[in-house]
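Notes follow the structure.
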Amino acid sequence: MFNKEDYTKILDRARKKRNNNVYIRYLLIGAVVALVIGLVILVSSLVKDRTSGDDGPGQEVARTVEEPATVEITVDEEALRQSEEARLEQERQEKEAADRQAVVDAYANLGMVQVSGYLNVRRSPDSRGDIIGKMQENSVCDILDQEGDWYHIRSGQVEGYISSQYVITGEEARALALEQVKLRAVVTGDTVNIRQTPEINPENIVAQALFDERYEVVDQQEGWVQTTSGYISSDFVEVKYALNEARKMDLKAMAINQYNNLLISKVTSYLNIRSSPKDEGNANIIGKLPGKAAAAILGTEEGWYKIHSGNITGYVSTDSQFTATGQEAIDLAMESASLMAIVNTDKLNVRTSPTTEATIWTQISKEERYPVMEQMDGWVQIELDGGDEDELSDGAYISTRDNNVEVRYALAEAIKFSPLEELANQQASRRNQIVNFALQYVGNPYVWGGTSLTRGADCSGFVQSVMRNFGINLPRTSREQAKVGRAINSSEMRPGDLIFYANSSGTINHVAMYIGNGQIVHAASRRSGIRISTWNYRSPARIRNVID
C-alpha cells in the first residue's frame, strides 16, 4: 500500500515528466518555425538574385524549380556572309598564286637581269655589237645558249646577246621572278600612243609603245588602262599577269643603228652620187643624196667614200663640207631622224579621216617615205604635199591595222637619178633643158603663194617660173594649169610634162614636173621644200603636155 508520502512522490514525478514533455514539445515547435522562416528567407533571396541578373551561388538551385525553357536557334547571316567572302578570297588567292607560278614556269631556262638602269641586248656576242634592245632591272628572258661570257637570249620581241655577269639563273632567279609577276598591260598594236590623260587628244601624247611591251597597271577604267607611264587605250593592250621583258632600242637610235659606219649628207639640197670615184660632170651621176640623208660607208678611196644608201651604191666626196662621219654624223642623225610611214604594199588607201567609213581619195606608193604628222590608235596622218590654193594640205590618213605600213623613226636616203643628156633631137633636147633647169632649184624652200625659184615657191609657182624661162606661159594656179595643153596618159609621159593631183574633194590642187625615170620634181611642202619624188607617190588625177 502506498502511504501518503509515497503517493506524493509519485505525483511529483508525474508532474515533472509532464512539464518536461511540454518543454520538449515547445522546443520542437520553435525549431520547426525557425526552419520555415529560414526557408522563406532563402527562397526570397534566390528570387531577388534571379530578377537582378546576378549569378548568385544559389542560381542553379533556383533554376531547378523553374519550368523548362524553350530554346530558339537563330541563323547569323553576317557570319555566313563573312565565311563565304573568306572562302572566295582564299580561292582568289590560290588562283592568283597559280597564275603567277604559270607565268614563271613559261620560261624554260629563266634568266633575270640584275643591273642598275638598263642592260644592252646586242646583235652579236661582242661588246661592240649593234645594240638592238634594252632590258630593265628585273626583266626576264629565256636563255637559249651561252657563248663565253655571253648569253644568247630571247625576251619579248628581241633575240640577241647579253653579258652573263648581270644575269641570275636557276632557283634564285625563279624565286625572285615570282615576286616580280605583276598585272601588266601587254601592248597588242604595232605602235600605240601613251597619253597623259584618258582621252583622244593630239596634245596629250607622251610616248609610243611598241608591240608586246609591258607596262605595270595602276588602274583600269572604261576604255582605258592607266599604267606607270600613262594611259593606253584598252583596245590595244591585254591586261594580264606577266613579267617585264626586253624592249626594242630607242626608236631614233634604231634608225641610226641600221647603218654601219654612218655617213650624213651636210648639203642643203642634194649631194651627187657617182658611179666611179671621179667627177665626170653629169656623165657618171647615178643618184642624189638629199640633205641630212644617211648612208653606210663601205670603203674609202682617195678623196671618195664608197657608200650604200637606199637602192644605190656609189661614190661621194670625202670633203667635210659635204659629208659628216663619226660622232658628228651621229649627232646630225639624231637631230634629223623623224617619224615616217614606210609603206610595204604596192598601193595603200588614203582616207579623208581616220575611219574605214571615210572616203578613199587617193593611194600612195611603197617607193616613198611619208612624213608623219600625227599618230592615232590604229591610224596615222601623213604629209602628202602643200596645195597652191590652201595653205594647209588635206588630212591624209592611213590605217596601221593591217600591217601594210611601218611607222618608225627613219632618215632620208639616196634617190636614183641621172641628168638628162642633151640630145640631137631638138624637141627632146628642149625638154631635157627644161628639166635640168628645174633641178637646179631642188632643196630650195616651199612658200605658199610664192613664185621665186630661190627664195621660195609653191607647187604651181615653181612650175610657172620654170616654164616662163623657156617662153611657156602658164596660169598661176594648178587648177588652171591643168586646162592648158593636151591630155596624155602615163605611157606617153616625157620629161617636162606636168602631172596634177587632186584634193579629197576631187579638185586639182597640186602640180609636179615629170623628169624621166619614173620621177618628178615639185615644190612639195613646207617641210620638204622643192624635192624629187616618184611620179605616183600618190594617185595622179591628170597628165598634160604643155610643151609641144
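Residue numbering restarts at 1 for every chain of the C-alpha cells, chains are lettered A, B, ... in their displayed order, and ligands are numbered from 1 as they appear.
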According to DSSP computed on the backbone, where in stretch 445-481 of chain A is there alpha helix (DSSP H)? Give the residues as a ChimeraX atom specification. /A:459-468,478-481
Save the residues we just selected, N, CA and C atoms, as an mmCIF file, in the first residue's frame?
data_model
loop_
_atom_site.group_PDB
_atom_site.id
_atom_site.type_symbol
_atom_site.label_atom_id
_atom_site.label_comp_id
_atom_site.auth_asym_id
_atom_site.auth_seq_id
_atom_site.Cartn_x
_atom_site.Cartn_y
_atom_site.Cartn_z
ATOM 1 N N CYS A 459 53.745 74.921 -155.381
ATOM 2 C CA CYS A 459 53.870 73.967 -156.489
ATOM 3 C C CYS A 459 53.622 74.604 -157.849
ATOM 4 N N SER A 460 52.537 75.362 -157.990
ATOM 5 C CA SER A 460 52.228 75.973 -159.286
ATOM 6 C C SER A 460 53.158 77.151 -159.585
ATOM 7 N N GLY A 461 53.581 77.864 -158.521
ATOM 8 C CA GLY A 461 54.529 78.961 -158.725
ATOM 9 C C GLY A 461 55.869 78.451 -159.228
ATOM 10 N N PHE A 462 56.307 77.299 -158.733
ATOM 11 C CA PHE A 462 57.569 76.696 -159.182
ATOM 12 C C PHE A 462 57.481 76.305 -160.657
ATOM 13 N N VAL A 463 56.424 75.602 -161.044
ATOM 14 C CA VAL A 463 56.272 75.175 -162.441
ATOM 15 C C VAL A 463 56.121 76.390 -163.358
ATOM 16 N N GLN A 464 55.348 77.352 -162.934
ATOM 17 C CA GLN A 464 55.142 78.549 -163.755
ATOM 18 C C GLN A 464 56.460 79.274 -164.022
ATOM 19 N N SER A 465 57.291 79.421 -162.983
ATOM 20 C CA SER A 465 58.554 80.149 -163.132
ATOM 21 C C SER A 465 59.543 79.392 -163.994
ATOM 22 N N VAL A 466 59.596 78.062 -163.872
ATOM 23 C CA VAL A 466 60.499 77.267 -164.711
ATOM 24 C C VAL A 466 60.088 77.382 -166.173
ATOM 25 N N MET A 467 58.809 77.207 -166.471
ATOM 26 C CA MET A 467 58.349 77.247 -167.851
ATOM 27 C C MET A 467 58.504 78.631 -168.471
ATOM 28 N N ARG A 468 58.309 79.672 -167.661
ATOM 29 C CA ARG A 468 58.463 81.027 -168.182
ATOM 30 C C ARG A 468 59.868 81.254 -168.720
ATOM 31 N N SER A 478 47.399 75.633 -160.042
ATOM 32 C CA SER A 478 47.447 74.290 -160.626
ATOM 33 C C SER A 478 46.123 73.926 -161.277
ATOM 34 N N ARG A 479 45.020 74.385 -160.698
ATOM 35 C CA ARG A 479 43.710 74.056 -161.265
ATOM 36 C C ARG A 479 43.562 74.642 -162.666
ATOM 37 N N GLU A 480 44.083 75.847 -162.883
ATOM 38 C CA GLU A 480 44.012 76.469 -164.203
ATOM 39 C C GLU A 480 45.077 75.889 -165.141
ATOM 40 N N GLN A 481 46.254 75.565 -164.592
ATOM 41 C CA GLN A 481 47.309 74.973 -165.426
ATOM 42 C C GLN A 481 46.869 73.628 -166.001
#
Contact residues around A:Ala410 with only C-alpha atoms at 12 Å, ignoring same-chain residues under 3 positions, as a PDB file with N, CA, C and O atoms, in the first residue's frame:
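Ended up saving to out-v1.pdb:
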ATOM      1  N   LEU A 251      63.851  54.453-130.507  1.00  0.00           N
ATOM      2  CA  LEU A 251      63.460  54.456-131.912  1.00  0.00           C
ATOM      3  C   LEU A 251      64.410  55.263-132.793  1.00  0.00           C
ATOM      4  O   LEU A 251      64.739  54.864-133.901  1.00  0.00           O
ATOM      5  N   LYS A 252      64.860  56.396-132.310  1.00  0.00           N
ATOM      6  CA  LYS A 252      65.808  57.175-133.101  1.00  0.00           C
ATOM      7  C   LYS A 252      67.141  56.449-133.208  1.00  0.00           C
ATOM      8  O   LYS A 252      67.777  56.420-134.260  1.00  0.00           O
ATOM      9  N   ALA A 253      67.568  55.886-132.089  1.00  0.00           N
ATOM     10  CA  ALA A 253      68.831  55.157-132.101  1.00  0.00           C
ATOM     11  C   ALA A 253      68.754  53.950-133.038  1.00  0.00           C
ATOM     12  O   ALA A 253      69.726  53.600-133.705  1.00  0.00           O
ATOM     13  N   MET A 254      67.587  53.324-133.107  1.00  0.00           N
ATOM     14  CA  MET A 254      67.422  52.194-134.014  1.00  0.00           C
ATOM     15  C   MET A 254      67.569  52.638-135.459  1.00  0.00           C
ATOM     16  O   MET A 254      68.136  51.926-136.290  1.00  0.00           O
ATOM     17  N   ALA A 255      67.039  53.823-135.778  1.00  0.00           N
ATOM     18  CA  ALA A 255      67.156  54.327-137.149  1.00  0.00           C
ATOM     19  C   ALA A 255      68.614  54.519-137.524  1.00  0.00           C
ATOM     20  O   ALA A 255      69.043  54.201-138.642  1.00  0.00           O
ATOM     21  N   ILE A 256      69.395  55.017-136.579  1.00  0.00           N
ATOM     22  CA  ILE A 256      70.818  55.259-136.838  1.00  0.00           C
ATOM     23  C   ILE A 256      71.590  53.948-136.883  1.00  0.00           C
ATOM     24  O   ILE A 256      72.517  53.771-137.683  1.00  0.00           O
ATOM     25  N   ASN A 257      71.192  53.018-136.038  1.00  0.00           N
ATOM     26  CA  ASN A 257      71.936  51.776-135.891  1.00  0.00           C
ATOM     27  C   ASN A 257      71.852  50.881-137.129  1.00  0.00           C
ATOM     28  O   ASN A 257      72.574  49.897-137.245  1.00  0.00           O
ATOM     29  N   GLN A 258      70.990  51.212-138.071  1.00  0.00           N
ATOM     30  CA  GLN A 258      70.872  50.429-139.294  1.00  0.00           C
ATOM     31  C   GLN A 258      72.060  50.640-140.229  1.00  0.00           C
ATOM     32  O   GLN A 258      72.222  49.889-141.186  1.00  0.00           O
ATOM     33  N   TYR A 259      72.846  51.635-139.945  1.00  0.00           N
ATOM     34  CA  TYR A 259      73.962  51.970-140.837  1.00  0.00           C
ATOM     35  C   TYR A 259      75.291  51.652-140.158  1.00  0.00           C
ATOM     36  O   TYR A 259      75.616  52.209-139.113  1.00  0.00           O
ATOM     37  N   LYS A 292      70.932  65.890-145.084  1.00  0.00           N
ATOM     38  CA  LYS A 292      70.701  65.137-143.846  1.00  0.00           C
ATOM     39  C   LYS A 292      70.307  63.681-144.112  1.00  0.00           C
ATOM     40  O   LYS A 292      69.813  63.001-143.218  1.00  0.00           O
ATOM     41  N   ALA A 293      70.542  63.216-145.334  1.00  0.00           N
ATOM     42  CA  ALA A 293      70.263  61.808-145.637  1.00  0.00           C
ATOM     43  C   ALA A 293      71.417  60.947-145.147  1.00  0.00           C
ATOM     44  O   ALA A 293      72.545  61.413-144.961  1.00  0.00           O
ATOM     45  N   ALA A 294      71.130  59.648-144.954  1.00  0.00           N
ATOM     46  CA  ALA A 294      72.109  58.736-144.363  1.00  0.00           C
ATOM     47  C   ALA A 294      72.590  57.710-145.380  1.00  0.00           C
ATOM     48  O   ALA A 294      71.871  57.337-146.313  1.00  0.00           O
ATOM     49  N   ALA A 295      73.821  57.236-145.145  1.00  0.00           N
ATOM     50  CA  ALA A 295      74.405  56.174-145.961  1.00  0.00           C
ATOM     51  C   ALA A 295      75.385  55.396-145.095  1.00  0.00           C
ATOM     52  O   ALA A 295      75.875  55.895-144.078  1.00  0.00           O
ATOM     53  N   GLY A 310      69.755  53.514-149.545  1.00  0.00           N
ATOM     54  CA  GLY A 310      68.578  53.142-150.319  1.00  0.00           C
ATOM     55  C   GLY A 310      68.912  51.974-151.228  1.00  0.00           C
ATOM     56  O   GLY A 310      69.429  50.948-150.791  1.00  0.00           O
ATOM     57  N   ALA A 333      72.321  62.921-137.237  1.00  0.00           N
ATOM     58  CA  ALA A 333      71.267  61.936-137.476  1.00  0.00           C
ATOM     59  C   ALA A 333      70.218  61.991-136.370  1.00  0.00           C
ATOM     60  O   ALA A 333      69.010  61.892-136.641  1.00  0.00           O
ATOM     61  N   MET A 334      70.651  62.132-135.115  1.00  0.00           N
ATOM     62  CA  MET A 334      69.705  62.204-134.005  1.00  0.00           C
ATOM     63  C   MET A 334      68.812  63.439-134.136  1.00  0.00           C
ATOM     64  O   MET A 334      67.642  63.419-133.759  1.00  0.00           O
ATOM     65  N   GLU A 335      69.361  64.515-134.684  1.00  0.00           N
ATOM     66  CA  GLU A 335      68.582  65.734-134.864  1.00  0.00           C
ATOM     67  C   GLU A 335      67.577  65.593-136.007  1.00  0.00           C
ATOM     68  O   GLU A 335      66.466  66.134-135.940  1.00  0.00           O
ATOM     69  N   SER A 336      67.955  64.869-137.049  1.00  0.00           N
ATOM     70  CA  SER A 336      67.135  64.852-138.262  1.00  0.00           C
ATOM     71  C   SER A 336      66.261  63.619-138.417  1.00  0.00           C
ATOM     72  O   SER A 336      65.366  63.603-139.266  1.00  0.00           O
ATOM     73  N   ALA A 337      66.510  62.568-137.627  1.00  0.00           N
ATOM     74  CA  ALA A 337      65.643  61.387-137.724  1.00  0.00           C
ATOM     75  C   ALA A 337      64.219  61.797-137.375  1.00  0.00           C
ATOM     76  O   ALA A 337      63.976  62.463-136.372  1.00  0.00           O
ATOM     77  N   SER A 338      63.287  61.407-138.196  1.00  0.00           N
ATOM     78  CA  SER A 338      61.898  61.796-137.974  1.00  0.00           C
ATOM     79  C   SER A 338      60.982  60.598-138.167  1.00  0.00           C
ATOM     80  O   SER A 338      61.350  59.598-138.787  1.00  0.00           O
ATOM     81  N   LEU A 339      59.799  60.731-137.633  1.00  0.00           N
ATOM     82  CA  LEU A 339      58.829  59.644-137.717  1.00  0.00           C
ATOM     83  C   LEU A 339      58.270  59.594-139.131  1.00  0.00           C
ATOM     84  O   LEU A 339      57.748  60.588-139.642  1.00  0.00           O
ATOM     85  N   MET A 340      58.375  58.435-139.751  1.00  0.00           N
ATOM     86  CA  MET A 340      57.926  58.278-141.131  1.00  0.00           C
ATOM     87  C   MET A 340      57.043  57.047-141.261  1.00  0.00           C
ATOM     88  O   MET A 340      57.172  56.085-140.505  1.00  0.00           O
ATOM     89  N   ALA A 341      56.152  57.110-142.226  1.00  0.00           N
ATOM     90  CA  ALA A 341      55.327  55.959-142.588  1.00  0.00           C
ATOM     91  C   ALA A 341      55.976  55.308-143.805  1.00  0.00           C
ATOM     92  O   ALA A 341      56.116  55.935-144.849  1.00  0.00           O
ATOM     93  N   ILE A 342      56.373  54.050-143.643  1.00  0.00           N
ATOM     94  CA  ILE A 342      57.054  53.329-144.706  1.00  0.00           C
ATOM     95  C   ILE A 342      56.109  52.238-145.198  1.00  0.00           C
ATOM     96  O   ILE A 342      55.849  51.258-144.506  1.00  0.00           O
ATOM     97  N   ARG A 369      58.834  57.408-148.603  1.00  0.00           N
ATOM     98  CA  ARG A 369      58.682  57.506-147.154  1.00  0.00           C
ATOM     99  C   ARG A 369      57.908  58.780-146.871  1.00  0.00           C
ATOM    100  O   ARG A 369      58.272  59.850-147.341  1.00  0.00           O
ATOM    101  N   TYR A 370      56.832  58.640-146.094  1.00  0.00           N
ATOM    102  CA  TYR A 370      55.925  59.763-145.898  1.00  0.00           C
ATOM    103  C   TYR A 370      56.060  60.314-144.484  1.00  0.00           C
ATOM    104  O   TYR A 370      55.913  59.570-143.512  1.00  0.00           O
ATOM    105  N   PRO A 371      56.334  61.617-144.346  1.00  0.00           N
ATOM    106  CA  PRO A 371      56.440  62.209-143.013  1.00  0.00           C
ATOM    107  C   PRO A 371      55.135  62.062-142.231  1.00  0.00           C
ATOM    108  O   PRO A 371      54.039  62.225-142.777  1.00  0.00           O
ATOM    109  N   VAL A 372      55.256  61.713-140.959  1.00  0.00           N
ATOM    110  CA  VAL A 372      54.095  61.522-140.099  1.00  0.00           C
ATOM    111  C   VAL A 372      53.772  62.833-139.386  1.00  0.00           C
ATOM    112  O   VAL A 372      54.632  63.425-138.733  1.00  0.00           O
ATOM    113  N   GLU A 406      54.769  50.537-141.940  1.00  0.00           N
ATOM    114  CA  GLU A 406      55.611  50.557-140.746  1.00  0.00           C
ATOM    115  C   GLU A 406      55.828  52.001-140.347  1.00  0.00           C
ATOM    116  O   GLU A 406      56.256  52.824-141.160  1.00  0.00           O
ATOM    117  N   VAL A 407      55.501  52.325-139.112  1.00  0.00           N
ATOM    118  CA  VAL A 407      55.691  53.682-138.616  1.00  0.00           C
ATOM    119  C   VAL A 407      56.887  53.669-137.676  1.00  0.00           C
ATOM    120  O   VAL A 407      56.850  53.044-136.618  1.00  0.00           O
ATOM    121  N   GLU A 413      67.128  58.828-147.466  1.00  0.00           N
ATOM    122  CA  GLU A 413      68.158  58.045-148.144  1.00  0.00           C
ATOM    123  C   GLU A 413      68.297  58.507-149.596  1.00  0.00           C
ATOM    124  O   GLU A 413      67.548  59.369-150.067  1.00  0.00           O
TER     125      GLU A 413
END
Where does DSSP see strand (DSSP E or B) in stretch 110-309 of chain A, if you list the residues as a PyMOL selection string?
chain A and resi 110-113+118-122+131-136+140-147+150-155+158-163+167-169+182-187+191-195+205-210+214-221+224-227+230-233+237-242+247-248+262-265+270-274+285-290+294-301+304-309
Neighbours of A:Pro125 within 10 Å (only C-alpha atoms; same-chain residues fewer than 6 positions away dropped), as number ranges by chain?
-> A: 146-152, 160-163
As an exercise, work out the distance from atom CA of A:Val405 to atom CA of A:Asn344 in Å and give it to one decimal place.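 Between atom CA of A:Val405 and atom CA of A:Asn344 the gap works out to 5.6 Å.
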Would you list the contacts of A:Asn349 as JSON, numbers by chain, taking every protein, DNA or RNA residue within 7 Å and counting only C-alpha atoms, but skipping same-chain residues closer than 2 positions in sequence?
{"A": [347, 351, 360, 362, 363, 364, 398]}
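The gap separating atom CA of A:Ala324 from atom CA of A:Phe437 is 28.5 Å, in Å to one decimal.
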- Which of these residues is nearest to A:Val447, using only C-alpha atoms: A:Ser116, A:Gln321, A:Ser528, A:Ser229?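 Checking each of A:Ser116, A:Gln321, A:Ser528, A:Ser229 against A:Val447, counting only C-alpha atoms, the winner is A:Ser528.
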Residues within 8 Å of A:Glu159, only C-alpha atoms, excluding chain neighbours under 4 positions, as a PyMOL selection string = chain A and resi 121+123+152-155
Would you mind exporting N, CA, C and O atoms of the selected residues as an mmCIF file, in the first residue's frame?
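part-v9.cif, freshly written:
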data_model
loop_
_atom_site.group_PDB
_atom_site.id
_atom_site.type_symbol
_atom_site.label_atom_id
_atom_site.label_comp_id
_atom_site.auth_asym_id
_atom_site.auth_seq_id
_atom_site.Cartn_x
_atom_site.Cartn_y
_atom_site.Cartn_z
ATOM 1 N N VAL A 121 70.988 44.710 -125.114
ATOM 2 C CA VAL A 121 70.897 43.464 -125.867
ATOM 3 C C VAL A 121 71.559 43.729 -127.219
ATOM 4 O O VAL A 121 71.182 44.664 -127.924
ATOM 5 N N ARG A 123 73.312 42.491 -131.057
ATOM 6 C CA ARG A 123 73.066 41.587 -132.178
ATOM 7 C C ARG A 123 74.041 40.421 -132.193
ATOM 8 O O ARG A 123 73.735 39.327 -132.673
ATOM 9 N N HIS A 152 72.960 33.881 -125.078
ATOM 10 C CA HIS A 152 72.076 34.075 -126.220
ATOM 11 C C HIS A 152 70.655 33.956 -125.686
ATOM 12 O O HIS A 152 70.273 32.908 -125.161
ATOM 13 N N ILE A 153 69.890 35.020 -125.790
ATOM 14 C CA ILE A 153 68.585 35.058 -125.121
ATOM 15 C C ILE A 153 67.465 35.461 -126.076
ATOM 16 O O ILE A 153 67.689 36.037 -127.148
ATOM 17 N N ARG A 154 66.264 35.129 -125.635
ATOM 18 C CA ARG A 154 65.061 35.662 -126.277
ATOM 19 C C ARG A 154 64.208 36.273 -125.185
ATOM 20 O O ARG A 154 63.927 35.635 -124.183
ATOM 21 N N SER A 155 63.799 37.524 -125.411
ATOM 22 C CA SER A 155 62.980 38.232 -124.425
ATOM 23 C C SER A 155 62.008 39.133 -125.166
ATOM 24 O O SER A 155 62.432 40.056 -125.873
#
